Amino acid sequence: MKNYAVIVAGGSGSRMQTAQPKQFLELEGRPVLMHTLDAFANCDLEMHIILVLPEDHIATWQDLVKQHTYKTRHQVTTGGSTRFDSVKNGLGVIDESGIVAIHDGARPLISAEVIQRTVSQAQKTGSGIAAVQMKDSIRQLINGQNKAVDRSQFYTIQTPQTFKVNLIKTAFENSKSNAFTDDASVLEANGVQVNLVEGSYDNLKITTPEDLVIAASILKRRK
Ligand SMILES: Nc1ccn([C@@H]2O[C@H](COP(=O)(O)OP(=O)(O)OP(=O)(O)O)[C@@H](O)[C@H]2O)c(=O)n1
Ligand SMILES: C[C@](O)(CO)[C@H](O)COP(=O)(O)O
């Protein structure tokens with residue numbers, strides 16, 4: 001069965017508040033996205049990598065590829081106005097059955113172990129979603145009052161979110177909304193229960209400026 005990775009990097013990174021979208025910013029000497037793509041290229045699953053980029057930043061990426069003499073094989077397609085639309089465009093490139101790992105370009109610290117865990121689970125059950133248990137105490141707002149809740153009942157959801165291709169393509173095609181923040185929710189809304197696997201606390205999403213500092217220090221620790 002063929003393995004695909006759809007790396008979504010079609011966002012504008014508004015919360016990062018930088019001139020360039022965060023996926024192109026430098027992290028330990030290379031753009032964030034190159035770390036992300038290489039994690040999939042080097043994970044021993046022979047993945048066909050599909051990179052989803054904002055239409056108006058394809059030239060930015062091409063310049064970076066030249067500047068870094070970047071050789072990792074990948075296919076580029078354009079994103080849409082929401083994450084859902086970008087994933088749908090990425091899935092649209094795939095015309096064979098197999099397994100697809102959908103991953104945020106903005107999660108450059110993903111490890112081979114977590115990728116492999118999601119792929120194995122998806123091969124067995126149709127889906128494998130990286131998740132970690134909450135570490136903080138949490139409270140829920142109910143009718144304006146905040147109430148303590150049992151954190152052992154809650155997970156923080158990450159990517160990769162990995163699926164059998166036919167299952168997730170059908171869910172995206174059937175969806176009437178594009179307001180989902182992740183792919184597991186699209187499958188669930190199509191009536192299919194999703195399966196979680198252990199993610200990693202290292203697998204942070206670069207969202208606000210301090211995340212870049214934390215990511216750089218994790219990469220230094222790995223050297
Ligand atoms: N239209 C969009 C929006 C988001 N993404 C991607 O989805 C991932 C997770 O989204 P998020 O962190 O929210 O990225 P942005 O939308 O770029 O950030 P922000 O919400 O701060 O603007 C990122 O890799 C982002 O590039 C995408 O491919 N297409
Ligand atoms: C898909 C995701 O990374 C799972 O944690 C997340 O939902 C996407 O990020 P956003 O900031 O909610 O767009």
# chains A, B, ... in the order shown; residues from 1 in each chain; ligands from 1

call {"tool": "residues_around", "arguments": {"residues": "A:Gly11", "least_positions_apart": "2", "cutoff": "8 Å", "atoms": "only C-alpha atoms", "output": "list in words"}}
result
Ala9, Gly13, Pro21, Leu53, Pro54, Gly79, Ser81, Thr82 and Arg83 of chain A

call {"tool": "write_last_selection", "arguments": {"atoms": "N, CA and C atoms", "output": "CSV table (one decimal), in the first residue's frame"}}
result
chain,number,residue,atom,x,y,z
A,9,ALA,N,0.5,23.8,4.7
A,9,ALA,CA,1.3,25.0,5.0
A,9,ALA,C,0.6,26.2,4.3
A,13,GLY,N,-0.4,32.5,9.2
A,13,GLY,CA,0.3,32.7,10.5
A,13,GLY,C,0.0,34.0,11.2
A,21,PRO,N,4.8,34.4,6.5
A,21,PRO,CA,4.1,33.3,7.3
A,21,PRO,C,5.1,32.4,8.1
A,53,LEU,N,0.7,24.9,-0.2
A,53,LEU,CA,1.2,26.2,0.1
A,53,LEU,C,0.2,27.3,-0.3
A,54,PRO,N,0.3,28.5,0.3
A,54,PRO,CA,-0.6,29.6,-0.1
A,54,PRO,C,-0.2,30.0,-1.6
A,79,GLY,N,-3.2,25.9,-1.5
A,79,GLY,CA,-4.1,25.8,-0.4
A,79,GLY,C,-5.4,26.6,-0.6
A,81,SER,N,-8.8,28.8,1.7
A,81,SER,CA,-9.0,29.9,2.7
A,81,SER,C,-9.1,29.4,4.1
A,82,THR,N,-9.4,28.1,4.3
A,82,THR,CA,-9.3,27.5,5.7
A,82,THR,C,-8.4,26.3,5.6
A,83,ARG,N,-8.0,25.8,6.8
A,83,ARG,CA,-7.2,24.6,6.9
A,83,ARG,C,-8.0,23.4,6.2

call {"tool": "closest_atom_pairs", "arguments": {"of": "chain A", "to": "ligand 2", "cutoff": "6 Å", "atoms": "only C-alpha atoms and all ligand atoms", "output": "JSON lines"}}
result
{"residue": "A:Ile157", "atom": "CA", "partner": "ligand 2", "partner_atom_place_in_ligand_line": "5 (O)", "distance": 4.6}
{"residue": "A:Gln158", "atom": "CA", "partner": "ligand 2", "partner_atom_place_in_ligand_line": "5 (O)", "distance": 4.1}
{"residue": "A:Thr159", "atom": "CA", "partner": "ligand 2", "partner_atom_place_in_ligand_line": "3 (O)", "distance": 5.7}
{"residue": "A:Thr181", "atom": "CA", "partner": "ligand 2", "partner_atom_place_in_ligand_line": "7 (O)", "distance": 4.5}
{"residue": "A:Asp182", "atom": "CA", "partner": "ligand 2", "partner_atom_place_in_ligand_line": "1 (C)", "distance": 4.2}

call {"tool": "write_last_selection", "arguments": {"atoms": "N, CA and C atoms", "output": "short mmCIF file (atom, residue, chain, number, x, y, z; two decimals), in the first residue's frame"}}
result
data_model
loop_
_atom_site.label_atom_id
_atom_site.label_comp_id
_atom_site.auth_asym_id
_atom_site.auth_seq_id
_atom_site.Cartn_x
_atom_site.Cartn_y
_atom_site.Cartn_z
N ILE A 157 -5.06 17.43 20.98
CA ILE A 157 -4.93 16.71 19.70
C ILE A 157 -3.85 17.37 18.84
N GLN A 158 -3.01 16.52 18.26
CA GLN A 158 -1.90 16.99 17.41
C GLN A 158 -2.11 16.48 15.99
N THR A 159 -1.10 16.66 15.18
CA THR A 159 -0.97 15.93 13.92
C THR A 159 0.38 15.22 14.00
N THR A 181 -11.47 22.31 12.73
CA THR A 181 -10.08 22.68 13.00
C THR A 181 -9.13 21.51 12.80
N ASP A 182 -9.66 20.29 12.71
CA ASP A 182 -8.77 19.16 12.42
C ASP A 182 -9.49 18.11 11.58
#

call {"tool": "residues_near_ligand", "arguments": {"ligand": "ligand 1", "cutoff": "8 Å", "atoms": "only C-alpha atoms and all ligand atoms", "output": "PyMOL selection string"}}
result
chain A and resi 7-16+21-23+52-54+79-87+103-107+205-208

call {"tool": "write_last_selection", "arguments": {"atoms": "N, CA and C atoms", "output": "mmCIF file, in the first residue's frame"}}
result
data_model
loop_
_atom_site.group_PDB
_atom_site.id
_atom_site.type_symbol
_atom_site.label_atom_id
_atom_site.label_comp_id
_atom_site.auth_asym_id
_atom_site.auth_seq_id
_atom_site.Cartn_x
_atom_site.Cartn_y
_atom_site.Cartn_z
ATOM 1 N N ILE A 7 1.261 17.695 3.768
ATOM 2 C CA ILE A 7 1.766 18.688 4.728
ATOM 3 C C ILE A 7 1.068 20.010 4.429
ATOM 4 N N VAL A 8 0.203 20.438 5.347
ATOM 5 C CA VAL A 8 -0.538 21.674 5.073
ATOM 6 C C VAL A 8 0.216 22.882 5.616
ATOM 7 N N ALA A 9 0.523 23.783 4.698
ATOM 8 C CA ALA A 9 1.251 25.015 5.034
ATOM 9 C C ALA A 9 0.635 26.174 4.267
ATOM 10 N N GLY A 10 -0.688 26.151 4.175
ATOM 11 C CA GLY A 10 -1.393 27.161 3.370
ATOM 12 C C GLY A 10 -1.886 28.344 4.175
ATOM 13 N N GLY A 11 -1.507 28.398 5.474
ATOM 14 C CA GLY A 11 -2.026 29.473 6.335
ATOM 15 C C GLY A 11 -1.181 30.738 6.273
ATOM 16 N N SER A 12 -1.696 31.796 6.924
ATOM 17 C CA SER A 12 -0.998 33.091 6.893
ATOM 18 C C SER A 12 -0.219 33.344 8.176
ATOM 19 N N GLY A 13 -0.437 32.508 9.209
ATOM 20 C CA GLY A 13 0.312 32.657 10.465
ATOM 21 C C GLY A 13 0.018 33.971 11.176
ATOM 22 N N SER A 14 -1.252 34.369 11.214
ATOM 23 C CA SER A 14 -1.592 35.701 11.754
ATOM 24 C C SER A 14 -1.190 35.861 13.225
ATOM 25 N N ARG A 15 -1.281 34.777 14.015
ATOM 26 C CA ARG A 15 -0.945 34.911 15.449
ATOM 27 C C ARG A 15 0.555 35.079 15.689
ATOM 28 N N MET A 16 1.362 34.764 14.711
ATOM 29 C CA MET A 16 2.814 34.920 14.841
ATOM 30 C C MET A 16 3.234 36.378 14.634
ATOM 31 N N PRO A 21 4.790 34.351 6.547
ATOM 32 C CA PRO A 21 4.088 33.308 7.310
ATOM 33 C C PRO A 21 5.087 32.406 8.050
ATOM 34 N N LYS A 22 4.693 31.948 9.234
ATOM 35 C CA LYS A 22 5.612 31.244 10.155
ATOM 36 C C LYS A 22 6.294 30.018 9.532
ATOM 37 N N GLN A 23 5.620 29.357 8.568
ATOM 38 C CA GLN A 23 6.202 28.128 7.997
ATOM 39 C C GLN A 23 7.500 28.399 7.223
ATOM 40 N N VAL A 52 1.214 21.614 0.659
ATOM 41 C CA VAL A 52 0.151 22.576 0.316
ATOM 42 C C VAL A 52 0.599 23.968 0.758
ATOM 43 N N LEU A 53 0.680 24.879 -0.207
ATOM 44 C CA LEU A 53 1.210 26.232 0.062
ATOM 45 C C LEU A 53 0.195 27.301 -0.318
ATOM 46 N N PRO A 54 0.287 28.497 0.307
ATOM 47 C CA PRO A 54 -0.582 29.589 -0.137
ATOM 48 C C PRO A 54 -0.186 29.962 -1.571
ATOM 49 N N GLY A 79 -3.153 25.937 -1.490
ATOM 50 C CA GLY A 79 -4.091 25.824 -0.375
ATOM 51 C C GLY A 79 -5.385 26.572 -0.625
ATOM 52 N N GLY A 80 -6.219 26.610 0.412
ATOM 53 C CA GLY A 80 -7.500 27.304 0.318
ATOM 54 C C GLY A 80 -7.634 28.288 1.460
ATOM 55 N N SER A 81 -8.841 28.810 1.659
ATOM 56 C CA SER A 81 -8.985 29.875 2.659
ATOM 57 C C SER A 81 -9.053 29.356 4.093
ATOM 58 N N THR A 82 -9.351 28.078 4.292
ATOM 59 C CA THR A 82 -9.306 27.497 5.653
ATOM 60 C C THR A 82 -8.410 26.262 5.610
ATOM 61 N N ARG A 83 -8.048 25.776 6.818
ATOM 62 C CA ARG A 83 -7.229 24.555 6.885
ATOM 63 C C ARG A 83 -7.958 23.412 6.189
ATOM 64 N N PHE A 84 -9.285 23.313 6.421
ATOM 65 C CA PHE A 84 -10.092 22.268 5.781
ATOM 66 C C PHE A 84 -9.899 22.301 4.259
ATOM 67 N N ASP A 85 -9.996 23.499 3.671
ATOM 68 C CA ASP A 85 -9.876 23.619 2.206
ATOM 69 C C ASP A 85 -8.482 23.227 1.736
ATOM 70 N N SER A 86 -7.474 23.580 2.522
ATOM 71 C CA SER A 86 -6.097 23.215 2.143
ATOM 72 C C SER A 86 -5.906 21.703 2.184
ATOM 73 N N VAL A 87 -6.438 21.055 3.239
ATOM 74 C CA VAL A 87 -6.315 19.586 3.326
ATOM 75 C C VAL A 87 -7.054 18.956 2.145
ATOM 76 N N HIS A 103 -0.493 16.404 8.080
ATOM 77 C CA HIS A 103 0.328 17.012 9.128
ATOM 78 C C HIS A 103 0.437 18.514 8.907
ATOM 79 N N ASP A 104 0.453 19.274 10.008
ATOM 80 C CA ASP A 104 0.650 20.724 9.935
ATOM 81 C C ASP A 104 2.096 21.032 9.570
ATOM 82 N N GLY A 105 2.283 21.860 8.542
ATOM 83 C CA GLY A 105 3.635 22.339 8.243
ATOM 84 C C GLY A 105 4.248 23.032 9.450
ATOM 85 N N ALA A 106 3.411 23.580 10.298
ATOM 86 C CA ALA A 106 3.868 24.338 11.462
ATOM 87 C C ALA A 106 4.238 23.448 12.662
ATOM 88 N N ARG A 107 4.319 22.125 12.448
ATOM 89 C CA ARG A 107 4.787 21.221 13.533
ATOM 90 C C ARG A 107 6.093 20.566 13.071
ATOM 91 N N LYS A 205 3.055 22.977 17.986
ATOM 92 C CA LYS A 205 2.715 23.730 16.781
ATOM 93 C C LYS A 205 3.241 25.144 16.961
ATOM 94 N N ILE A 206 4.035 25.595 15.997
ATOM 95 C CA ILE A 206 4.527 26.972 16.035
ATOM 96 C C ILE A 206 3.313 27.868 15.778
ATOM 97 N N THR A 207 2.922 28.597 16.802
ATOM 98 C CA THR A 207 1.717 29.435 16.673
ATOM 99 C C THR A 207 2.017 30.888 17.037
ATOM 100 N N THR A 208 2.695 31.101 18.163
ATOM 101 C CA THR A 208 3.026 32.456 18.626
ATOM 102 C C THR A 208 4.558 32.538 18.827
#

call {"tool": "atom_distance", "arguments": {"atom1": "atom CA of A:Ser185", "atom2": "atom CA of A:Met34"}}
result
27.4 Å

call {"tool": "atom_distance", "arguments": {"atom1": "atom CA of A:Phe180", "atom2": "atom CA of A:Ala59"}}
result
28.4 Å

call {"tool": "select_by_dssp", "arguments": {"residues": "chain A", "states": "helix (DSSP H, G or I)", "output": "count of residues only"}}
result
87
